[in-house]
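Heads up, upload_15.pdb below (PDB, C-alpha atoms):
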ATOM      1  CA  MET A 529       0.000   0.000   0.000
ATOM      2  CA  ILE A 530       2.835   2.382   0.857
ATOM      3  CA  ALA A 531       4.557   1.643  -2.455
ATOM      4  CA  ALA A 532       1.318   2.203  -4.399
ATOM      5  CA  ALA A 533       0.676   5.498  -2.616
ATOM      6  CA  ALA A 534       4.229   6.698  -3.245
ATOM      7  CA  LEU A 535       3.987   5.678  -6.898
ATOM      8  CA  SER A 536       0.668   7.511  -7.352
ATOM      9  CA  LEU A 537       2.010  10.662  -5.713
ATOM     10  CA  LEU A 538       5.260  10.734  -7.643
ATOM     11  CA  ALA A 539       3.667   9.803 -10.979
ATOM     12  CA  ALA A 540       1.593  12.959 -10.693
ATOM     13  CA  MET A 541       4.711  15.097 -10.287
ATOM     14  CA  PRO A 542       6.540  16.491 -13.329
ATOM     15  CA  ALA A 543       9.223  14.229 -14.739
ATOM     16  CA  MET A 544      12.639  14.887 -13.261
ATOM     17  CA  ALA A 545      15.428  15.777 -15.628
ATOM     18  CA  GLN A 546      18.012  13.472 -14.083
ATOM     19  CA  GLN A 547      20.070  11.560 -16.627
ATOM     20  CA  ALA A 548      21.784   8.261 -15.945
ATOM     21  CA  SER A 549      25.363   9.035 -14.961
ATOM     22  CA  GLY A 550      27.155   5.749 -15.487
ATOM     23  CA  PRO A 551      26.731   1.995 -15.808
ATOM     24  CA  TRP A 552      26.901   1.161 -12.070
ATOM     25  CA  LEU A 553      24.037   1.268  -9.570
ATOM     26  CA  VAL A 554      24.458   0.297  -5.903
ATOM     27  CA  ARG A 555      21.396  -0.122  -3.685
ATOM     28  CA  ALA A 556      20.868  -0.790   0.026
ATOM     29  CA  ARG A 557      17.508  -2.222   1.029
ATOM     30  CA  ALA A 558      15.585  -3.294   4.115
ATOM     31  CA  VAL A 559      13.840  -6.525   3.110
ATOM     32  CA  HIS A 560      11.023  -8.503   4.694
ATOM     33  CA  PHE A 561      11.814 -12.226   4.318
ATOM     34  CA  ASP A 562       8.553 -14.206   4.168
ATOM     35  CA  SER A 563       9.115 -17.962   3.840
ATOM     36  CA  ALA A 564       6.615 -20.170   1.989
ATOM     37  CA  ASN A 565       7.448 -22.998   4.451
ATOM     38  CA  GLY A 566       6.445 -25.795   2.088
ATOM     39  CA  ASP A 567       7.117 -29.144   3.746
ATOM     40  CA  SER A 568       6.680 -32.674   2.406
ATOM     41  CA  THR A 569       8.302 -34.449   5.384
ATOM     42  CA  GLY A 570       5.190 -34.638   7.552
ATOM     43  CA  LEU A 571       7.103 -32.851  10.328
ATOM     44  CA  GLY A 572       5.345 -29.495   9.913
ATOM     45  CA  LEU A 573       8.668 -27.701   9.347
ATOM     46  CA  ALA A 574       8.817 -23.901   9.182
ATOM     47  CA  ILE A 575      11.357 -21.114   9.623
ATOM     48  CA  ASN A 576      10.615 -17.685  11.029
ATOM     49  CA  ASN A 577       9.989 -14.599   8.921
ATOM     50  CA  LYS A 578      12.208 -11.604   9.569
ATOM     51  CA  MET A 579      13.628  -8.301   8.319
ATOM     52  CA  ILE A 580      17.065  -8.597   6.693
ATOM     53  CA  PRO A 581      19.575  -6.138   5.221
ATOM     54  CA  GLU A 582      20.399  -6.377   1.530
ATOM     55  CA  VAL A 583      22.994  -4.773  -0.724
ATOM     56  CA  ASP A 584      23.022  -5.162  -4.458
ATOM     57  CA  VAL A 585      25.238  -4.051  -7.304
ATOM     58  CA  SER A 586      23.891  -3.562 -10.831
ATOM     59  CA  TYR A 587      25.756  -3.046 -14.075
ATOM     60  CA  PHE A 588      23.890  -1.593 -17.069
ATOM     61  CA  PHE A 589      24.989  -3.057 -20.402
ATOM     62  CA  THR A 590      22.465  -0.812 -22.182
ATOM     63  CA  PRO A 591      19.956   1.725 -20.802
ATOM     64  CA  GLN A 592      17.378  -1.099 -20.609
ATOM     65  CA  ILE A 593      19.462  -4.223 -19.787
ATOM     66  CA  ALA A 594      21.270  -4.701 -16.469
ATOM     67  CA  ALA A 595      22.660  -7.522 -14.359
ATOM     68  CA  GLU A 596      22.154  -7.327 -10.596
ATOM     69  CA  LEU A 597      24.067  -9.232  -7.907
ATOM     70  CA  ILE A 598      22.015  -9.369  -4.698
ATOM     71  CA  LEU A 599      23.879  -9.949  -1.428
ATOM     72  CA  THR A 600      23.210 -10.145   2.287
ATOM     73  CA  ILE A 601      24.953 -11.526   5.362
ATOM     74  CA  PRO A 602      24.316 -15.117   6.578
ATOM     75  CA  GLN A 603      20.847 -15.144   8.117
ATOM     76  CA  LYS A 604      20.093 -17.141  11.266
ATOM     77  CA  GLN A 605      16.632 -18.730  11.303
ATOM     78  CA  THR A 606      14.792 -20.795  13.892
ATOM     79  CA  LEU A 607      13.457 -24.102  12.548
ATOM     80  CA  SER A 608      10.186 -25.269  14.092
ATOM     81  CA  SER A 609       8.098 -28.436  13.881
ATOM     82  CA  PHE A 610       4.347 -27.828  14.237
ATOM     83  CA  GLY A 611       5.151 -24.495  15.886
ATOM     84  CA  THR A 612       7.703 -25.830  18.398
ATOM     85  CA  PRO A 613      11.338 -24.736  17.916
ATOM     86  CA  ILE A 614      13.576 -27.746  17.240
ATOM     87  CA  GLY A 615      16.782 -26.128  15.976
ATOM     88  CA  SER A 616      18.365 -23.401  13.932
ATOM     89  CA  LEU A 617      20.393 -22.811  10.798
ATOM     90  CA  ARG A 618      22.076 -20.063   8.850
ATOM     91  CA  HIS A 619      21.709 -19.474   5.128
ATOM     92  CA  LEU A 620      23.556 -17.253   2.681
ATOM     93  CA  PRO A 621      21.498 -16.737  -0.495
ATOM     94  CA  PRO A 622      23.352 -14.653  -3.138
ATOM     95  CA  THR A 623      21.217 -14.130  -6.245
ATOM     96  CA  LEU A 624      22.095 -12.966  -9.770
ATOM     97  CA  THR A 625      19.361 -11.561 -12.012
ATOM     98  CA  VAL A 626      19.202 -10.041 -15.472
ATOM     99  CA  GLN A 627      16.795  -7.101 -15.593
ATOM    100  CA  TYR A 628      14.839  -5.213 -18.221
ATOM    101  CA  HIS A 629      14.220  -1.533 -17.377
ATOM    102  CA  PHE A 630      11.163  -0.222 -19.220
ATOM    103  CA  MET A 631      11.647   3.559 -18.876
ATOM    104  CA  PRO A 632      15.275   4.237 -17.896
ATOM    105  CA  GLN A 633      14.829   8.035 -18.068
ATOM    106  CA  GLY A 634      11.302   8.257 -16.610
ATOM    107  CA  SER A 635      10.170   9.837 -13.364
ATOM    108  CA  VAL A 636       9.242   6.266 -12.327
ATOM    109  CA  ARG A 637      11.510   3.498 -13.688
ATOM    110  CA  PRO A 638       9.934   0.020 -13.530
ATOM    111  CA  TYR A 639      11.887  -3.163 -14.155
ATOM    112  CA  VAL A 640      11.506  -6.925 -14.174
ATOM    113  CA  GLY A 641      14.204  -9.534 -13.743
ATOM    114  CA  ALA A 642      14.897 -13.242 -13.697
ATOM    115  CA  GLY A 643      17.925 -15.211 -12.618
ATOM    116  CA  VAL A 644      19.447 -17.830 -10.377
ATOM    117  CA  ASN A 645      19.996 -18.218  -6.645
ATOM    118  CA  TYR A 646      22.594 -20.287  -4.805
ATOM    119  CA  THR A 647      21.987 -20.817  -1.090
ATOM    120  CA  ARG A 648      24.494 -22.326   1.332
ATOM    121  CA  PHE A 649      23.174 -23.621   4.668
ATOM    122  CA  SER A 650      25.595 -23.519   7.602
ATOM    123  CA  SER A 651      25.613 -23.696  11.418
ATOM    124  CA  VAL A 652      22.864 -26.303  11.150
ATOM    125  CA  ASN A 653      21.664 -27.299  14.639
ATOM    126  CA  LEU A 654      18.985 -30.012  14.373
ATOM    127  CA  PRO A 655      17.861 -32.950  16.524
ATOM    128  CA  ALA A 656      20.179 -35.976  16.505
ATOM    129  CA  GLY A 657      19.861 -38.032  13.346
ATOM    130  CA  VAL A 658      18.160 -35.275  11.327
ATOM    131  CA  SER A 659      20.112 -33.559   8.543
ATOM    132  CA  ILE A 660      19.566 -31.347   5.489
ATOM    133  CA  ASP A 661      21.404 -30.854   2.204
ATOM    134  CA  ARG A 662      23.725 -27.879   2.626
ATOM    135  CA  SER A 663      23.352 -26.394  -0.903
ATOM    136  CA  SER A 664      20.399 -25.217  -2.986
ATOM    137  CA  PHE A 665      20.208 -23.921  -6.563
ATOM    138  CA  GLY A 666      16.981 -22.337  -7.776
ATOM    139  CA  GLY A 667      15.398 -19.661  -9.887
ATOM    140  CA  ALA A 668      14.589 -16.087  -8.928
ATOM    141  CA  LEU A 669      11.974 -13.653 -10.254
ATOM    142  CA  GLN A 670      11.983  -9.920  -9.605
ATOM    143  CA  ALA A 671       9.910  -6.785 -10.214
ATOM    144  CA  GLY A 672      10.320  -3.279  -8.905
ATOM    145  CA  PHE A 673      10.820   0.357  -9.689
ATOM    146  CA  ASP A 674      13.240   3.212  -9.015
ATOM    147  CA  ILE A 675      12.212   6.813  -8.431
ATOM    148  CA  PRO A 676      14.875   9.488  -9.072
ATOM    149  CA  LEU A 677      15.646  11.745  -6.129
ATOM    150  CA  THR A 678      18.297  14.481  -6.125
ATOM    151  CA  GLY A 679      21.593  14.082  -7.938
ATOM    152  CA  ASN A 680      22.345  10.429  -8.668
ATOM    153  CA  TRP A 681      20.202   9.078  -5.804
ATOM    154  CA  LEU A 682      17.161   6.828  -6.292
ATOM    155  CA  LEU A 683      14.360   5.504  -4.098
ATOM    156  CA  ASN A 684      13.751   1.797  -4.754
ATOM    157  CA  PHE A 685      10.869  -0.631  -4.194
ATOM    158  CA  ASP A 686      11.578  -4.281  -5.030
ATOM    159  CA  LEU A 687       9.753  -7.621  -4.898
ATOM    160  CA  LYS A 688      11.468 -10.984  -5.430
ATOM    161  CA  LYS A 689      10.416 -14.617  -5.362
ATOM    162  CA  VAL A 690      13.417 -16.871  -4.734
ATOM    163  CA  TYR A 691      13.306 -20.667  -4.910
ATOM    164  CA  ILE A 692      15.311 -22.239  -2.051
ATOM    165  CA  ARG A 693      14.825 -25.926  -1.196
ATOM    166  CA  THR A 694      16.636 -28.617   0.760
ATOM    167  CA  ASP A 695      16.152 -32.343   1.205
ATOM    168  CA  VAL A 696      15.583 -33.497   4.793
ATOM    169  CA  SER A 697      16.940 -36.852   5.986
ATOM    170  CA  ALA A 698      16.494 -38.882   9.152
ATOM    171  CA  ALA A 699      19.042 -41.586  10.008
ATOM    172  CA  GLY A 700      20.519 -41.155   6.527
ATOM    173  CA  THR A 701      17.221 -41.701   4.666
ATOM    174  CA  LYS A 702      15.496 -38.886   2.789
ATOM    175  CA  ILE A 703      12.073 -38.198   4.285
ATOM    176  CA  GLY A 704      11.037 -35.192   2.193
ATOM    177  CA  THR A 705      11.848 -31.709   0.968
ATOM    178  CA  PHE A 706      11.591 -28.408   2.817
ATOM    179  CA  LYS A 707      10.808 -25.466   0.520
ATOM    180  CA  VAL A 708      11.822 -22.095   1.941
ATOM    181  CA  ASP A 709      10.864 -20.318  -1.338
ATOM    182  CA  PRO A 710      10.702 -16.845   0.255
ATOM    183  CA  LEU A 711       8.914 -13.754  -0.984
ATOM    184  CA  LEU A 712      11.191 -10.757  -0.417
ATOM    185  CA  LEU A 713       9.660  -7.273  -0.224
ATOM    186  CA  GLY A 714      12.260  -4.531  -0.062
ATOM    187  CA  VAL A 715      12.566  -0.758   0.094
ATOM    188  CA  GLY A 716      15.799   1.184  -0.071
ATOM    189  CA  VAL A 717      17.979   3.761  -1.743
ATOM    190  CA  GLY A 718      20.366   3.553  -4.654
ATOM    191  CA  TYR A 719      23.228   5.552  -6.139
ATOM    192  CA  ARG A 720      24.010   5.556  -9.876
ATOM    193  CA  PHE A 721      27.562   6.298 -11.061
TER
END
Turn the structure described in the file into structure tokens.
Amino acid sequence: MIAAAALSLLAAMPAMAQQASGPWLVRARAVHFDSANGDSTGLGLAINNKMIPEVDVSYFFTPQIAAELILTIPQKQTLSSFGTPIGSLRHLPPTLTVQYHFMPQGSVRPYVGAGVNYTRFSSVNLPAGVSIDRSSFGGALQAGFDIPLTGNWLLNFDLKKVYIRTDVSAAGTKIGTFKVDPLLLGVGVGYRF
């Protein structure tokens, strides 16, 4: 709702005359991590939702085409079974997307992107005999928009769906798959140079 209100307000304002000033764009975002918590093990597995910091670096090959590397720090999550905490883990999910920017000189600059995510699970603390695969490869989808501010600064709203999954085993036998598959809603600022 906040993003829609900001978009409506700023779309009504005259277009700003800011020109792109280089191929690099660095953004810092506050992101709400909302896990899908899909579980086929029968254990009712889920991790907690949380706010996380995010930094990304984009390089524009053309005014419309960019590649974005999305980074954060390893995130600690509590793993629960049917609502009862049973352990914890950390995950580091760098993501690389290729984006198409529809109106690179507009007063509102929407984009869409698609790419790949690699997640590494570490500091896994689970009940004895229970284990997970430590690596996950999956797709990533993205949509968002930038709003020029003063100078080379931008306000950014971003939405991503990232596919993160791991097989769960008990006593060495696979019992199912846990799908984190988070929806990531972010807001932040960027600097183009």
Run the PyMOL selection byres ((chain A and resi 570-586) around 7) on the file and write out the hits as a PDB file with C-alpha atoms, keeping the file's coordinate frame.
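Generated file (selection_34.pdb):
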ATOM      1  CA  TRP A 552      26.901   1.161 -12.070  1.00  0.00           C
ATOM      2  CA  LEU A 553      24.037   1.268  -9.570  1.00  0.00           C
ATOM      3  CA  VAL A 554      24.458   0.297  -5.903  1.00  0.00           C
ATOM      4  CA  ARG A 555      21.396  -0.122  -3.685  1.00  0.00           C
ATOM      5  CA  ALA A 556      20.868  -0.790   0.026  1.00  0.00           C
ATOM      6  CA  ARG A 557      17.508  -2.222   1.029  1.00  0.00           C
ATOM      7  CA  ALA A 558      15.585  -3.294   4.115  1.00  0.00           C
ATOM      8  CA  VAL A 559      13.840  -6.525   3.110  1.00  0.00           C
ATOM      9  CA  HIS A 560      11.023  -8.503   4.694  1.00  0.00           C
ATOM     10  CA  PHE A 561      11.814 -12.226   4.318  1.00  0.00           C
ATOM     11  CA  ASP A 562       8.553 -14.206   4.168  1.00  0.00           C
ATOM     12  CA  SER A 563       9.115 -17.962   3.840  1.00  0.00           C
ATOM     13  CA  ASN A 565       7.448 -22.998   4.451  1.00  0.00           C
ATOM     14  CA  ASP A 567       7.117 -29.144   3.746  1.00  0.00           C
ATOM     15  CA  SER A 568       6.680 -32.674   2.406  1.00  0.00           C
ATOM     16  CA  THR A 569       8.302 -34.449   5.384  1.00  0.00           C
ATOM     17  CA  TYR A 587      25.756  -3.046 -14.075  1.00  0.00           C
ATOM     18  CA  PHE A 588      23.890  -1.593 -17.069  1.00  0.00           C
ATOM     19  CA  ALA A 594      21.270  -4.701 -16.469  1.00  0.00           C
ATOM     20  CA  ALA A 595      22.660  -7.522 -14.359  1.00  0.00           C
ATOM     21  CA  GLU A 596      22.154  -7.327 -10.596  1.00  0.00           C
ATOM     22  CA  LEU A 597      24.067  -9.232  -7.907  1.00  0.00           C
ATOM     23  CA  ILE A 598      22.015  -9.369  -4.698  1.00  0.00           C
ATOM     24  CA  LEU A 599      23.879  -9.949  -1.428  1.00  0.00           C
ATOM     25  CA  THR A 600      23.210 -10.145   2.287  1.00  0.00           C
ATOM     26  CA  GLN A 605      16.632 -18.730  11.303  1.00  0.00           C
ATOM     27  CA  THR A 606      14.792 -20.795  13.892  1.00  0.00           C
ATOM     28  CA  LEU A 607      13.457 -24.102  12.548  1.00  0.00           C
ATOM     29  CA  SER A 608      10.186 -25.269  14.092  1.00  0.00           C
ATOM     30  CA  SER A 609       8.098 -28.436  13.881  1.00  0.00           C
ATOM     31  CA  PHE A 610       4.347 -27.828  14.237  1.00  0.00           C
TER      32      PHE A 610
END
Atom CA of Gln603 of chain A to atom CA of Ser650 of chain A, straight-line distance in Å: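 Pair atom CA of Ser650 of chain A / atom CA of Gln603 of chain A returns 9.6 Å.
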Radius query 12 Å about (13.5, -26.0, 0.4), atoms used: all atoms listed in the file, as a ChimeraX atom specification: /A:563-569,573-575,619,646-649,660-666,690-696,704-710
Selection dump of the PyMOL selection byres ((chain A and resi 652) around 7), as a list of chain:residue names: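 In the shown coordinates, the PyMOL selection byres ((chain A and resi 652) around 7) covers A:Ser616, A:Leu617, A:Arg618, A:Ser650, A:Ser651, A:Asn653, A:Leu654.
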Interatomic distance (Å, one decimal) between atom CA of Met631 of chain A and atom CA of Leu677 of chain A: 15.7 Å
Chain and number of each residue from the PyMOL selection byres ((chain A and resi 669) around 7), as a ChimeraX atom specification: /A:641-643,667-668,670,688-690
Atom-to-atom span, atom CA of Val640 of chain A and atom CA of Gly672 of chain A, Å: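 Between these atoms lies a distance of 6.5 Å.
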Pick from A:Ala698, A:Trp681, A:Ser659, A:Asp686, whichever lies nearest to Ser549 of chain A using all atoms listed in the file: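 For Ser549 of chain A, the nearest of the candidates is A:Trp681.
Each of A:Ile703, A:Ala671, A:Leu682, A:Leu620 was checked against Asn645 of chain A using only C-alpha atoms; the smallest atom-to-atom distance is that of A:Leu620.
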Shortest interatomic distance to Gly718 of chain A - which of A:Tyr639, A:Phe685, A:Tyr628, A:Phe589, counting all atoms listed in the file: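 Ranked by minimum distance to Gly718 of chain A, first place goes to A:Phe685.
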